[in-house]
Amino acid sequence: MAFRAATLYECGRRADALRVPSSARARMAARLGLDLSRELQDLREAILRDKPVDRRIFRRGALGAVRHHPIPTNPAR
């Protein structure tokens, strides 16, 4: 996911690059209660701010990384 977003961004396809983590985040949150890792959030911020991509995220194993956010079992109504 991160590699795809970074590649699209570096090819000048910024809008497409932003859709990758945004759509993944929405699907993961809705289905699994997960959020993007800090590294993937940083990648998204770099794209939004039109900054260079920090290549270290690929060495840290951040590709596809997520954080778990438990979904409440009894949501308040």
# chains A, B, ... in the order shown; residues from 1 in each chain; ligands from 1
$ residues_around --residues "Thr7 in chain A" --least-positions-apart "2" --cutoff "12 Å" --atoms "only C-alpha atoms" --output "list in words"
Met1, Ala2, Phe3, Arg4, Ala5, Tyr9, Glu10, Cys11, Gly12, Arg13, Arg14, Asp16, Ala17, Leu18, Val20, Leu43, Ile47, Pro52, Val53 and Arg55 of chain A
$ write_last_selection --atoms "N, CA and C atoms" --output "compact mmCIF listing (two decimals), in the first residue's frame"
# COMPACT_ATOMS: atom_id res chain seq x y z
N MET A 1 0.82 -1.18 0.00
CA MET A 1 0.00 0.00 0.00
C MET A 1 0.88 1.25 0.00
N ALA A 2 1.87 1.30 0.88
CA ALA A 2 2.73 2.48 0.96
C ALA A 2 3.55 2.64 -0.31
N PHE A 3 4.06 1.53 -0.82
CA PHE A 3 4.87 1.59 -2.03
C PHE A 3 4.03 2.10 -3.21
N ARG A 4 2.80 1.63 -3.32
CA ARG A 4 1.92 2.08 -4.40
C ARG A 4 1.64 3.58 -4.29
N ALA A 5 1.32 4.04 -3.10
CA ALA A 5 1.03 5.46 -2.89
C ALA A 5 2.26 6.31 -3.21
N TYR A 9 2.63 9.06 -6.27
CA TYR A 9 3.00 10.43 -5.92
C TYR A 9 4.23 10.89 -6.70
N GLU A 10 5.24 10.04 -6.74
CA GLU A 10 6.47 10.42 -7.43
C GLU A 10 6.31 10.48 -8.95
N CYS A 11 5.25 9.86 -9.46
CA CYS A 11 4.95 9.94 -10.90
C CYS A 11 4.06 11.14 -11.22
N GLY A 12 3.78 11.96 -10.21
CA GLY A 12 2.96 13.15 -10.43
C GLY A 12 1.47 12.92 -10.30
N ARG A 13 1.08 11.77 -9.80
CA ARG A 13 -0.35 11.45 -9.64
C ARG A 13 -0.74 11.58 -8.17
N ARG A 14 -0.66 12.80 -7.69
CA ARG A 14 -0.88 13.09 -6.27
C ARG A 14 -2.28 12.69 -5.79
N ASP A 16 -4.32 10.42 -6.99
CA ASP A 16 -4.40 8.96 -6.93
C ASP A 16 -3.61 8.43 -5.74
N ALA A 17 -2.46 9.03 -5.47
CA ALA A 17 -1.64 8.61 -4.34
C ALA A 17 -2.37 8.82 -3.02
N LEU A 18 -3.12 9.89 -2.90
CA LEU A 18 -3.86 10.16 -1.67
C LEU A 18 -5.04 9.20 -1.49
N VAL A 20 -5.09 6.05 -2.14
CA VAL A 20 -4.66 4.73 -1.68
C VAL A 20 -4.77 4.60 -0.16
N LEU A 43 3.37 9.21 5.65
CA LEU A 43 3.41 9.20 4.19
C LEU A 43 2.26 10.02 3.62
N ILE A 47 2.47 13.53 1.33
CA ILE A 47 1.80 13.71 0.04
C ILE A 47 0.91 14.95 0.10
N PRO A 52 8.91 15.57 0.14
CA PRO A 52 9.54 14.31 -0.29
C PRO A 52 9.12 13.15 0.61
N VAL A 53 9.04 11.97 0.03
CA VAL A 53 8.67 10.76 0.78
C VAL A 53 9.89 10.27 1.54
N ARG A 55 11.96 7.56 2.60
CA ARG A 55 12.17 6.18 2.15
C ARG A 55 12.41 5.20 3.30
$ closest_residue --among "A:Leu8, A:Ala29, A:Ala15, A:Ile57" --to "Asp42 in chain A" --atoms "only C-alpha atoms"
A:Ile57
$ atom_distance --atom1 "CA of Ala24 in chain A" --atom2 "CA of Leu40 in chain A"
10.7 Å
